[in-house]
Each structure stands twice: as C-alpha cells, then as structure tokens.
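*Asks:* Got a structure for you, questions after.
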Amino acid sequence: MRPELGHDTGESGREHLRPRERWVVTVGDSFISGEGARWAGNTLGPASGVDAGGDSLYFDTSGRESQVGCHRVTLARGALGPRRRHVNLACSGASTVSTGTGAAFKPGLDFYDGGKGQIGQALALQQFAERHDVSDVVVSIGGNNFGFASVVMRCISAFVTTVGSRPSYCRDDPQVTRQFDAESAERVSRAISQALRRTASAMRLAGYRPDEYTLVVQNYPSPLPPGPLMRYAETLAERYTRGGCPVYDEDATWAHSSALPVINAAVSAGVDRIGLPNVVSLDVSTVLDGHRLCETGVAHVGQDGLRSWRQPGAFARLEWVNRLYLAVQPWRVEESWHPNYWGLAAIRNCVRHAIQAPPIPRPCAQ
C-alpha cells in the first residue's frame, strides 16, 4: 500500500506530520523517455560539439540501463518543482501493450511479467507507487500504435529513391494512409483508453484514490515544419546530407497537417473515453514550433555564427529536434527526429506548468 506522510520519530498519531517529498512518474514511449536528449543541437562537425549528456546519459541505474533500449533519461522531466522528484519508467519504442522478448522487449502500459525483471510499465508503476508518495503520473502513448517509425522510414525512402526524377510521395502510399484512416484511429484511441485505465488501475492497486494524484496525458509535437517552412532545397545534397530531413515538402505538409492531427485526436479521444476526474490533457503539439528540424529561421552548430550549443542564447537559434542519424557512432538511428536536449527541456516546462498550475486551455508554447 502507498506510504503515509512521515512523522517525527517517537511520536504517535498524526499530530506532527511533516511533508514527504513527492514523486512525478513518467510512463509511455520515446517522446517521454528522453530518447535523443543527449544532443543539444545538430551539426556537420564532430559529435562532441553538441554532446550534452555523454554516452552514459541513458544509464538510469547502477551504470547501465534498467531495460536495454528504453533510453530512460532521468533529466527528461526533472526539476518539476519544490519537493518533487522524478522517476522515468517510459521506454523508447513502447506501444500500449508490451511486445518482444529478451533484448527486444518493450514494456507497454500493462501488467506483463515475463520474469527476469521484464515487466510492463503499469506493473512497474504500481510497485513504485507502493513504496513512494506519487503526486503525478505523466503519460505519452499511442504514436507507436500508428507505426510512427515505419511511416518515417517510408517517407525517407520515397524521397531518397525518387528525388530528381518523378517524385513518389509517401502521403500517396496506401500502406501509409491506411495507418491513419478512421478505422485505424478508432482502434488506436481504444487502445490508448485501455492503457490509461491500466495506468489508473496501477495507482488504485497501490492504494491511491483518484483525488490523491493527477494523471497528465500529453499529446505529440510536430518534429518537422510544413513544406513551405523547410529551409533546405529538395536535393540529396541539401535536404539529406546537410539538413538530415530527407522528405518532400508535400510529405512534410501532410505529416504536419494530416497525420499528426489524427494521432493527437486519437489521444484526446482515448482520454475522453476513460472519464476519470483526475485526468489533465496537456497539449504540446506546438511546443517545438520555430525550432523544428530543417525549419526556416534556425540553424546547426557551425552555421550562422553558432560556435557551440553552450554559447549565450544558443537555445533560441538552434533546432530542438535531432536530424536523421544513420549507423555512425556515437549517434544512434533511434534518436533521429526526436526532441533533443532543448526540445525535452521545452516539453519539461510544459509538464511543470501542468502539475503546478491549472492547465491552460490552449497549446503549451515557449
């Protein structure tokens, strides 16, 4: 059962209660685990020039990852307020239910227990909440149910293989568009609502009433601007090599104006289905605007007089989303097109507002 407020040693009863440090728990997928937060900007120079976290950033316990590949960053939503600490149970690549085995295991928002420490995030949350005083559970889930990674790769492939000839847009690919049709959106919204119910059940099983914690559900920001705001020409040299954003303008606009709204509508519908009084919806859909990958008005380290991500005011001039990374260490493919150090800091500020003040009835923006 959940811990009660502490009292002075030797005292009986609750006359001398003192406030206990409370915890914010993050669960869900890569947009909340901190995937990509190692990098504080993009560069065509050495990785050391934008490395804000080092190669141990994703080690969340005893010099290693508690779950290989989850990339749980403890600073992803850190500094959330007075007497609040943070634990990250989210996992890069996670969907609403647990998938895979062994090193490929991805814990979802369920009560899966496969032994050898491989458990679902709902079960992990229950176990943590039984031993700690949890004030807020922050959730990001559903993007991978739409096959986000596979859609990105098909859009990239369409650009790389047809640029300079007759364009082939992934927005016209039936396999892609099926993932965002009404049937798919309905299926995902139901899966999200079930995942949120399991999250609430974890807290109930740990001994919490709904009025004793807040469930904050965030949606997704756009990593790319629409086509007219892309600052690189549609060539391999510019958009692929220099920018790290090899998609056509048409597909960038479709992703921003069609695909992302479907994803975020499914998140909203999933929240509406559960009907719990302690749920707060956090709209972060525009938080990266003005700093998206390849967006006009921002730059890489090494461009436009930007010598370092550490120089004063650099955050205001840099991209807050990682470029496409291939198999070139120390960069990792899975970090591609995710909020970087600055992007995660911007989203963290939105989370801070949601748990410390009444939610604002508009998208959170910087």
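Labeling convention for the structure tokens: chains A, B, ... as they appear, residues from 1 per chain, ligands from 1 in order of appearance.
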Would you return as a PyMOL selection string the members of range 111-358 of chain A that DSSP assigns to alpha helix (DSSP H) on this structure's backbone?
*Replies:* chain A and resi 121-131+148-162+174-178+182-205+249-254+260-274+341-356
*Asks:* Need to verify the contact set: range 55-63 of chain A, 10 Å, only C-alpha atoms, exclusion of same-chain residues closer than 4 positions in sequence. Can you return it as a list in words?
*Replies:*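 Returned residues: Ser33, Gly34, Glu35, Gly36, Ala37, Arg38, Asp51, Gln67, Val68, Gly69, Cys70, His71, Arg72, Val73, Thr74, Leu75, Val87, Asn88, Leu89, Pro330 and Trp331 of chain A.
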*Asks:* Based on the backbone DSSP call, show me all residues of range 99-154 of chain A assigned strand (DSSP E), as a list in words.
*Replies:*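 The residues of range 99-154 of chain A classed as strand (DSSP E) are Val134, Ser135, Asp136, Val137, Val138, Val139 and Ser140 of chain A.
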*Asks:* Counting only C-alpha atoms, what is within 7 Å of range 24-28 of chain A, bar same-chain residues fewer than 3 positions away, as a ChimeraX atom specification?
*Replies:* /A:32,84-91,94,109,121,134-141
*Asks:* Please list as number ranges by chain every residue within 12 Å of range 178-186 of chain A, counting only C-alpha atoms and excluding residues in the same chain fewer than 6 positions away.
*Replies:* A: 142-151, 170-172, 192-193, 254-255, 258-270, 273
*Asks:* For the residues in that selection, give me N, CA and C atoms as a PDB file, in the first residue's frame.
*Replies:*
```
ATOM      1  N   GLY A 142       0.740   6.081 -27.725  1.00  0.00           N
ATOM      2  CA  GLY A 142      -0.138   5.964 -28.880  1.00  0.00           C
ATOM      3  C   GLY A 142       0.560   6.151 -30.210  1.00  0.00           C
ATOM      4  N   GLY A 143       1.644   6.925 -30.246  1.00  0.00           N
ATOM      5  CA  GLY A 143       2.322   7.179 -31.516  1.00  0.00           C
ATOM      6  C   GLY A 143       2.819   5.916 -32.181  1.00  0.00           C
ATOM      7  N   ASN A 144       3.376   5.018 -31.392  1.00  0.00           N
ATOM      8  CA  ASN A 144       3.897   3.776 -31.970  1.00  0.00           C
ATOM      9  C   ASN A 144       2.786   2.823 -32.389  1.00  0.00           C
ATOM     10  N   ASN A 145       1.593   2.982 -31.847  1.00  0.00           N
ATOM     11  CA  ASN A 145       0.458   2.185 -32.314  1.00  0.00           C
ATOM     12  C   ASN A 145       0.091   2.536 -33.752  1.00  0.00           C
ATOM     13  N   PHE A 146       0.412   3.759 -34.159  1.00  0.00           N
ATOM     14  CA  PHE A 146       0.189   4.163 -35.548  1.00  0.00           C
ATOM     15  C   PHE A 146       1.351   3.761 -36.452  1.00  0.00           C
ATOM     16  N   GLY A 147       2.399   3.160 -35.889  1.00  0.00           N
ATOM     17  CA  GLY A 147       3.563   2.778 -36.686  1.00  0.00           C
ATOM     18  C   GLY A 147       4.400   3.970 -37.081  1.00  0.00           C
ATOM     19  N   PHE A 148       4.623   4.888 -36.133  1.00  0.00           N
ATOM     20  CA  PHE A 148       5.351   6.129 -36.408  1.00  0.00           C
ATOM     21  C   PHE A 148       6.687   5.862 -37.101  1.00  0.00           C
ATOM     22  N   ALA A 149       7.482   4.943 -36.557  1.00  0.00           N
ATOM     23  CA  ALA A 149       8.823   4.704 -37.103  1.00  0.00           C
ATOM     24  C   ALA A 149       8.760   4.186 -38.540  1.00  0.00           C
ATOM     25  N   SER A 150       7.834   3.285 -38.820  1.00  0.00           N
ATOM     26  CA  SER A 150       7.746   2.725 -40.170  1.00  0.00           C
ATOM     27  C   SER A 150       7.270   3.772 -41.172  1.00  0.00           C
ATOM     28  N   VAL A 151       6.378   4.663 -40.750  1.00  0.00           N
ATOM     29  CA  VAL A 151       5.915   5.733 -41.639  1.00  0.00           C
ATOM     30  C   VAL A 151       7.071   6.671 -41.972  1.00  0.00           C
ATOM     31  N   CYS A 170       5.031   9.673 -49.977  1.00  0.00           N
ATOM     32  CA  CYS A 170       4.514   8.642 -49.067  1.00  0.00           C
ATOM     33  C   CYS A 170       3.077   8.936 -48.660  1.00  0.00           C
ATOM     34  N   ARG A 171       2.632  10.174 -48.795  1.00  0.00           N
ATOM     35  CA  ARG A 171       1.233  10.501 -48.489  1.00  0.00           C
ATOM     36  C   ARG A 171       0.274   9.792 -49.449  1.00  0.00           C
ATOM     37  N   ASP A 172       0.819   9.358 -50.623  1.00  0.00           N
ATOM     38  CA  ASP A 172       0.006   8.634 -51.602  1.00  0.00           C
ATOM     39  C   ASP A 172       0.178   7.125 -51.487  1.00  0.00           C
ATOM     40  N   ILE A 192      -5.457   3.307 -26.489  1.00  0.00           N
ATOM     41  CA  ILE A 192      -4.962   4.332 -25.568  1.00  0.00           C
ATOM     42  C   ILE A 192      -5.820   4.392 -24.315  1.00  0.00           C
ATOM     43  N   SER A 193      -7.145   4.357 -24.483  1.00  0.00           N
ATOM     44  CA  SER A 193      -8.030   4.413 -23.308  1.00  0.00           C
ATOM     45  C   SER A 193      -7.815   3.211 -22.402  1.00  0.00           C
ATOM     46  N   TRP A 254       1.894  17.067 -45.329  1.00  0.00           N
ATOM     47  CA  TRP A 254       0.913  16.021 -44.983  1.00  0.00           C
ATOM     48  C   TRP A 254       1.123  15.525 -43.558  1.00  0.00           C
ATOM     49  N   ALA A 255       2.365  15.289 -43.162  1.00  0.00           N
ATOM     50  CA  ALA A 255       2.641  14.800 -41.811  1.00  0.00           C
ATOM     51  C   ALA A 255       2.193  15.813 -40.769  1.00  0.00           C
ATOM     52  N   SER A 258      -2.009  16.555 -41.555  1.00  0.00           N
ATOM     53  CA  SER A 258      -2.958  15.446 -41.645  1.00  0.00           C
ATOM     54  C   SER A 258      -2.637  14.323 -40.667  1.00  0.00           C
ATOM     55  N   ALA A 259      -1.415  13.786 -40.720  1.00  0.00           N
ATOM     56  CA  ALA A 259      -1.087  12.630 -39.880  1.00  0.00           C
ATOM     57  C   ALA A 259      -1.043  12.981 -38.396  1.00  0.00           C
ATOM     58  N   LEU A 260      -0.318  14.055 -38.048  1.00  0.00           N
ATOM     59  CA  LEU A 260      -0.208  14.425 -36.635  1.00  0.00           C
ATOM     60  C   LEU A 260      -1.565  14.742 -36.009  1.00  0.00           C
ATOM     61  N   PRO A 261      -2.451  15.496 -36.672  1.00  0.00           N
ATOM     62  CA  PRO A 261      -3.770  15.717 -36.079  1.00  0.00           C
ATOM     63  C   PRO A 261      -4.558  14.426 -35.828  1.00  0.00           C
ATOM     64  N   VAL A 262      -4.393  13.435 -36.687  1.00  0.00           N
ATOM     65  CA  VAL A 262      -5.073  12.158 -36.453  1.00  0.00           C
ATOM     66  C   VAL A 262      -4.539  11.498 -35.180  1.00  0.00           C
ATOM     67  N   ILE A 263      -3.210  11.507 -35.021  1.00  0.00           N
ATOM     68  CA  ILE A 263      -2.608  10.924 -33.820  1.00  0.00           C
ATOM     69  C   ILE A 263      -3.108  11.646 -32.571  1.00  0.00           C
ATOM     70  N   ASN A 264      -3.056  12.968 -32.593  1.00  0.00           N
ATOM     71  CA  ASN A 264      -3.444  13.723 -31.406  1.00  0.00           C
ATOM     72  C   ASN A 264      -4.937  13.647 -31.125  1.00  0.00           C
ATOM     73  N   ALA A 265      -5.752  13.516 -32.168  1.00  0.00           N
ATOM     74  CA  ALA A 265      -7.188  13.319 -31.952  1.00  0.00           C
ATOM     75  C   ALA A 265      -7.445  11.968 -31.291  1.00  0.00           C
ATOM     76  N   ALA A 266      -6.659  10.962 -31.652  1.00  0.00           N
ATOM     77  CA  ALA A 266      -6.816   9.644 -31.024  1.00  0.00           C
ATOM     78  C   ALA A 266      -6.436   9.700 -29.552  1.00  0.00           C
ATOM     79  N   VAL A 267      -5.389  10.478 -29.216  1.00  0.00           N
ATOM     80  CA  VAL A 267      -5.017  10.656 -27.813  1.00  0.00           C
ATOM     81  C   VAL A 267      -6.161  11.330 -27.055  1.00  0.00           C
ATOM     82  N   SER A 268      -6.711  12.402 -27.622  1.00  0.00           N
ATOM     83  CA  SER A 268      -7.817  13.108 -26.968  1.00  0.00           C
ATOM     84  C   SER A 268      -9.025  12.205 -26.784  1.00  0.00           C
ATOM     85  N   ALA A 269      -9.348  11.419 -27.808  1.00  0.00           N
ATOM     86  CA  ALA A 269     -10.485  10.502 -27.705  1.00  0.00           C
ATOM     87  C   ALA A 269     -10.232   9.436 -26.654  1.00  0.00           C
ATOM     88  N   GLY A 270      -8.981   8.976 -26.570  1.00  0.00           N
ATOM     89  CA  GLY A 270      -8.648   7.985 -25.544  1.00  0.00           C
ATOM     90  C   GLY A 270      -8.825   8.529 -24.153  1.00  0.00           C
ATOM     91  N   ARG A 273     -12.575   8.798 -23.315  1.00  0.00           N
ATOM     92  CA  ARG A 273     -13.235   7.517 -23.061  1.00  0.00           C
ATOM     93  C   ARG A 273     -13.139   7.080 -21.599  1.00  0.00           C
TER      94      ARG A 273
END
```
*Asks:* Can you work out which one of A:Glu21, A:Ile119, A:His353, A:Val50 has the shortest atom-to-atom distance to Leu306 in chain A, counting only C-alpha atoms?
*Replies:*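 Selected residue with least distance to Leu306 in chain A: A:Val50.
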